[in-house]
Amino acid sequence: MNPWPFVIAAYTVTLVGGAVLAIVSYLAMRKAEK
Amino acid sequence: MATLHAFANPARFLKVARPLTPILFWAGVALIVVGCWAGLTQTPPDYLQGETVRILYIHVPAAWLGMGGWSGIAISSIAFLVWRHPLAAVAARAIAMPGAVFAALCLVTGSIWGRPTWGTWWQWDGRLTSMLLLVFVYLGYMALARADAERGGDGRVPAIYGIAGSVLLPIIRYSVVWWNTLHQGPSIGLTSSTIDGAILWPLPIMLAGFTFVFAGIVLMRMRAMLATAKAEARMRRMARA
C-alpha cells in the first residue's frame, strides 16, 4: 500500500481545517471590532 | 496572582491582546512551516510503519490541543466560579470551538493513520472512543454556553459543565494503560520517549507552532466576544435613554 496518499490527506485535512478556523475567527474579530 | 487579576480587566487585557494576536499567530505559522518541511523531508521513515509515521507530527499536536483546550476551559471555569472574573468565562467560551476542531482533527488524522498501519479506519478502542466522547462534550459545552448567553444567564452552568467535563482528560490519558486494545501504549513522556530521536525532533517544533496558532485564534475569538458584548451594552444604554 502506497503510504503517501494517507500522509498527504492527513496533512491537508489538518492544515485546511486550521486555516478555515483561523480565517473564520479573524473575520468575526474584524466584524465585531469595526 | 495579582498580575493575573490585573489582566482580568478587559481594557488591560485588550491592550496586551491586540499586539499579541498577530505575533502569536504568525510565529506559530512559521514554526508549522518549518515543522512540516522537517517532518516530511528531513526525517527517516520508521523501520516498521515506513512513511506513514510522518502523520505523527500533526496527529500529536491535534491531540495535545484537543485535550489542552479542555484543560483551558476547566481552569477558566474554576477562575470564573472562584473569582467571578467575566474574562475567564469569555476565555472558556473562546477556547471551545478551536478545541473541538483540533479534537476532531485528532480523530480524523488518527483514522487516516490507522488504515495503512492497523488495517482499519476505526475501532471502538478505549483511546479512540474516549477522544470521540471529548468531541461530543465540546459540542455540548458550546450549545450550553450559547443558550446560557442568549437567556441572559450568569455563566455558572457552563462553568460547572466545563469543570465536570475535565473528568474525561485522565480517562483519555490512561485509556491505553487501562484497556489494552488497538491504540499503542504511551510512547512520549515528559522526560523520555520510546521514539528514536532521529524521528522525534520535528515534533516539539510542530507542538510549539500549533500551540501558538491556537493561542492566536483564542485571542481573536476573545476580542470578537468582548467587542460584541461592548456593542450590545451600548445598544441597551441607548434603548434605555
# chains A, B, ... in the order shown; residues from 1 in each chain; ligands from 1
>>> closest_atom_pairs(of="region 2-117 of chain B", to="region 5-25 of chain A", cutoff="9 Å", atoms="only C-alpha atoms", output="CSV")
residue,atom,partner,partner_atom,distance
B:Phe25,CA,A:Ala22,CA,9.0
B:Cys36,CA,A:Tyr11,CA,8.7
B:Leu40,CA,A:Val7,CA,9.0
B:Glu51,CA,A:Val7,CA,7.7
B:Thr52,CA,A:Val7,CA,5.9
B:Val53,CA,A:Val7,CA,8.4
B:Arg54,CA,A:Val7,CA,6.7
B:Ile55,CA,A:Val7,CA,5.8
B:Ile58,CA,A:Tyr11,CA,6.9
B:His59,CA,A:Ala10,CA,8.2
B:Ala62,CA,A:Thr14,CA,8.2
B:Met97,CA,A:Leu21,CA,8.6
B:Pro98,CA,A:Leu21,CA,7.1
B:Val101,CA,A:Gly17,CA,7.6
B:Phe102,CA,A:Gly18,CA,8.1
B:Leu105,CA,A:Thr14,CA,6.2
B:Cys106,CA,A:Thr14,CA,8.6
B:Val108,CA,A:Ala10,CA,7.6
B:Thr109,CA,A:Ala10,CA,5.1
B:Gly110,CA,A:Ala10,CA,8.4
B:Ile112,CA,A:Phe6,CA,6.0
B:Trp113,CA,A:Phe6,CA,6.8
B:Arg115,CA,A:Phe6,CA,8.4
B:Pro116,CA,A:Phe6,CA,7.8
>>> write_last_selection(atoms="N, CA and C atoms", output="PDB file, in the first residue's frame")
ATOM      1  N   PHE B  25       0.122  34.288  16.288  1.00  0.00           N
ATOM      2  CA  PHE B  25      -0.384  33.564  15.129  1.00  0.00           C
ATOM      3  C   PHE B  25       0.709  33.354  14.082  1.00  0.00           C
ATOM      4  N   CYS B  36       6.675  21.184   9.168  1.00  0.00           N
ATOM      5  CA  CYS B  36       6.196  20.367   8.036  1.00  0.00           C
ATOM      6  C   CYS B  36       7.372  20.008   7.119  1.00  0.00           C
ATOM      7  N   LEU B  40       8.382  16.161   6.803  1.00  0.00           N
ATOM      8  CA  LEU B  40       8.106  15.491   5.520  1.00  0.00           C
ATOM      9  C   LEU B  40       9.371  15.164   4.731  1.00  0.00           C
ATOM     10  N   GLU B  51       6.733   5.390   5.784  1.00  0.00           N
ATOM     11  CA  GLU B  51       6.495   6.836   5.643  1.00  0.00           C
ATOM     12  C   GLU B  51       5.280   7.318   6.448  1.00  0.00           C
ATOM     13  N   THR B  52       4.354   6.410   6.779  1.00  0.00           N
ATOM     14  CA  THR B  52       3.136   6.860   7.474  1.00  0.00           C
ATOM     15  C   THR B  52       3.430   7.432   8.857  1.00  0.00           C
ATOM     16  N   VAL B  53       4.639   7.169   9.389  1.00  0.00           N
ATOM     17  CA  VAL B  53       4.990   7.709  10.703  1.00  0.00           C
ATOM     18  C   VAL B  53       4.971   9.241  10.691  1.00  0.00           C
ATOM     19  N   ARG B  54       5.063   9.841   9.494  1.00  0.00           N
ATOM     20  CA  ARG B  54       5.093  11.314   9.387  1.00  0.00           C
ATOM     21  C   ARG B  54       3.768  11.944   9.833  1.00  0.00           C
ATOM     22  N   ILE B  55       2.710  11.154   9.886  1.00  0.00           N
ATOM     23  CA  ILE B  55       1.413  11.665  10.375  1.00  0.00           C
ATOM     24  C   ILE B  55       1.508  12.038  11.860  1.00  0.00           C
ATOM     25  N   ILE B  58       1.454  15.804  12.954  1.00  0.00           N
ATOM     26  CA  ILE B  58       0.228  16.611  13.019  1.00  0.00           C
ATOM     27  C   ILE B  58      -0.815  15.974  13.942  1.00  0.00           C
ATOM     28  N   HIS B  59      -0.742  14.640  14.064  1.00  0.00           N
ATOM     29  CA  HIS B  59      -1.716  13.941  14.917  1.00  0.00           C
ATOM     30  C   HIS B  59      -1.482  14.280  16.398  1.00  0.00           C
ATOM     31  N   ALA B  62      -2.536  17.858  17.307  1.00  0.00           N
ATOM     32  CA  ALA B  62      -4.010  17.962  17.318  1.00  0.00           C
ATOM     33  C   ALA B  62      -4.569  17.363  18.611  1.00  0.00           C
ATOM     34  N   MET B  97     -14.549  26.314  20.550  1.00  0.00           N
ATOM     35  CA  MET B  97     -14.584  25.955  19.123  1.00  0.00           C
ATOM     36  C   MET B  97     -13.221  25.448  18.618  1.00  0.00           C
ATOM     37  N   PRO B  98     -12.093  26.187  18.859  1.00  0.00           N
ATOM     38  CA  PRO B  98     -10.804  25.641  18.401  1.00  0.00           C
ATOM     39  C   PRO B  98     -10.486  24.297  19.045  1.00  0.00           C
ATOM     40  N   VAL B 101     -12.433  21.655  17.223  1.00  0.00           N
ATOM     41  CA  VAL B 101     -11.885  21.416  15.873  1.00  0.00           C
ATOM     42  C   VAL B 101     -10.630  20.544  15.956  1.00  0.00           C
ATOM     43  N   PHE B 102      -9.741  20.841  16.907  1.00  0.00           N
ATOM     44  CA  PHE B 102      -8.497  20.052  16.984  1.00  0.00           C
ATOM     45  C   PHE B 102      -8.748  18.643  17.544  1.00  0.00           C
ATOM     46  N   LEU B 105      -9.909  16.899  14.525  1.00  0.00           N
ATOM     47  CA  LEU B 105      -8.772  16.662  13.615  1.00  0.00           C
ATOM     48  C   LEU B 105      -7.896  15.517  14.122  1.00  0.00           C
ATOM     49  N   CYS B 106      -7.782  15.394  15.438  1.00  0.00           N
ATOM     50  CA  CYS B 106      -7.026  14.276  16.027  1.00  0.00           C
ATOM     51  C   CYS B 106      -7.666  12.952  15.618  1.00  0.00           C
ATOM     52  N   VAL B 108      -9.668  12.419  12.981  1.00  0.00           N
ATOM     53  CA  VAL B 108      -9.587  12.215  11.520  1.00  0.00           C
ATOM     54  C   VAL B 108      -8.175  11.776  11.130  1.00  0.00           C
ATOM     55  N   THR B 109      -7.150  12.467  11.646  1.00  0.00           N
ATOM     56  CA  THR B 109      -5.769  12.097  11.277  1.00  0.00           C
ATOM     57  C   THR B 109      -5.420  10.712  11.845  1.00  0.00           C
ATOM     58  N   GLY B 110      -5.958  10.402  13.021  1.00  0.00           N
ATOM     59  CA  GLY B 110      -5.721   9.076  13.599  1.00  0.00           C
ATOM     60  C   GLY B 110      -6.350   7.987  12.749  1.00  0.00           C
ATOM     61  N   ILE B 112      -6.948   8.219   9.493  1.00  0.00           N
ATOM     62  CA  ILE B 112      -6.149   8.119   8.243  1.00  0.00           C
ATOM     63  C   ILE B 112      -4.856   7.346   8.516  1.00  0.00           C
ATOM     64  N   TRP B 113      -4.280   7.553   9.688  1.00  0.00           N
ATOM     65  CA  TRP B 113      -3.052   6.839  10.076  1.00  0.00           C
ATOM     66  C   TRP B 113      -3.354   5.349  10.334  1.00  0.00           C
ATOM     67  N   ARG B 115      -5.611   3.359   8.953  1.00  0.00           N
ATOM     68  CA  ARG B 115      -5.920   2.494   7.795  1.00  0.00           C
ATOM     69  C   ARG B 115      -4.673   1.754   7.280  1.00  0.00           C
ATOM     70  N   PRO B 116      -3.548   2.449   6.974  1.00  0.00           N
ATOM     71  CA  PRO B 116      -2.382   1.678   6.493  1.00  0.00           C
ATOM     72  C   PRO B 116      -1.621   0.963   7.615  1.00  0.00           C
TER      73      PRO B 116
END
>>> closest_residue(among="B:Leu182, B:Leu107, B:Ala147, B:Leu139", to="Gly126 (chain B)", atoms="only C-alpha atoms")
B:Leu182
>>> closest_residue(among="B:Ala149, B:Leu132, B:Ala215, B:Ala231", to="Ala89 (chain B)", atoms="only C-alpha atoms")
B:Ala149
>>> atom_distance(atom1="CA of Phe214 (chain B)", atom2="CA of Ser192 (chain B)")
25.5 Å
>>> decode(residues="chain A", atoms="C-alpha atoms", output="PDB file, in the first residue's frame")
ATOM      1  CA  MET A   1       0.000   0.000   0.000  1.00  0.00           C
ATOM      2  CA  ASN A   2       1.420   3.390  -1.040  1.00  0.00           C
ATOM      3  CA  PRO A   3       1.653   5.418   2.217  1.00  0.00           C
ATOM      4  CA  TRP A   4       1.954   8.887   0.654  1.00  0.00           C
ATOM      5  CA  PRO A   5      -1.764   9.448  -0.165  1.00  0.00           C
ATOM      6  CA  PHE A   6      -2.501   8.851   3.553  1.00  0.00           C
ATOM      7  CA  VAL A   7       0.267  11.221   4.682  1.00  0.00           C
ATOM      8  CA  ILE A   8      -0.828  13.941   2.223  1.00  0.00           C
ATOM      9  CA  ALA A   9      -4.510  13.516   3.179  1.00  0.00           C
ATOM     10  CA  ALA A  10      -3.732  13.822   6.924  1.00  0.00           C
ATOM     11  CA  TYR A  11      -1.621  16.979   6.419  1.00  0.00           C
ATOM     12  CA  THR A  12      -4.193  18.527   4.043  1.00  0.00           C
ATOM     13  CA  VAL A  13      -7.134  17.933   6.395  1.00  0.00           C
ATOM     14  CA  THR A  14      -5.258  19.409   9.366  1.00  0.00           C
ATOM     15  CA  LEU A  15      -3.794  22.428   7.578  1.00  0.00           C
ATOM     16  CA  VAL A  16      -7.029  23.278   5.727  1.00  0.00           C
ATOM     17  CA  GLY A  17      -9.082  22.775   8.931  1.00  0.00           C
ATOM     18  CA  GLY A  18      -6.722  25.020  10.896  1.00  0.00           C
ATOM     19  CA  ALA A  19      -6.720  27.658   8.133  1.00  0.00           C
ATOM     20  CA  VAL A  20     -10.544  27.735   7.904  1.00  0.00           C
ATOM     21  CA  LEU A  21     -10.791  28.082  11.700  1.00  0.00           C
ATOM     22  CA  ALA A  22      -8.244  30.944  11.681  1.00  0.00           C
ATOM     23  CA  ILE A  23      -9.980  32.780   8.802  1.00  0.00           C
ATOM     24  CA  VAL A  24     -13.450  32.456  10.375  1.00  0.00           C
ATOM     25  CA  SER A  25     -12.102  33.681  13.754  1.00  0.00           C
ATOM     26  CA  TYR A  26     -10.238  36.587  12.121  1.00  0.00           C
ATOM     27  CA  LEU A  27     -13.275  37.726  10.123  1.00  0.00           C
ATOM     28  CA  ALA A  28     -15.508  37.513  13.230  1.00  0.00           C
ATOM     29  CA  MET A  29     -12.983  39.628  15.153  1.00  0.00           C
ATOM     30  CA  ARG A  30     -12.737  42.236  12.349  1.00  0.00           C
ATOM     31  CA  LYS A  31     -16.535  42.454  12.049  1.00  0.00           C
ATOM     32  CA  ALA A  32     -17.051  42.807  15.821  1.00  0.00           C
ATOM     33  CA  GLU A  33     -14.286  45.395  16.290  1.00  0.00           C
ATOM     34  CA  LYS A  34     -15.380  47.549  13.325  1.00  0.00           C
TER      35      LYS A  34
END
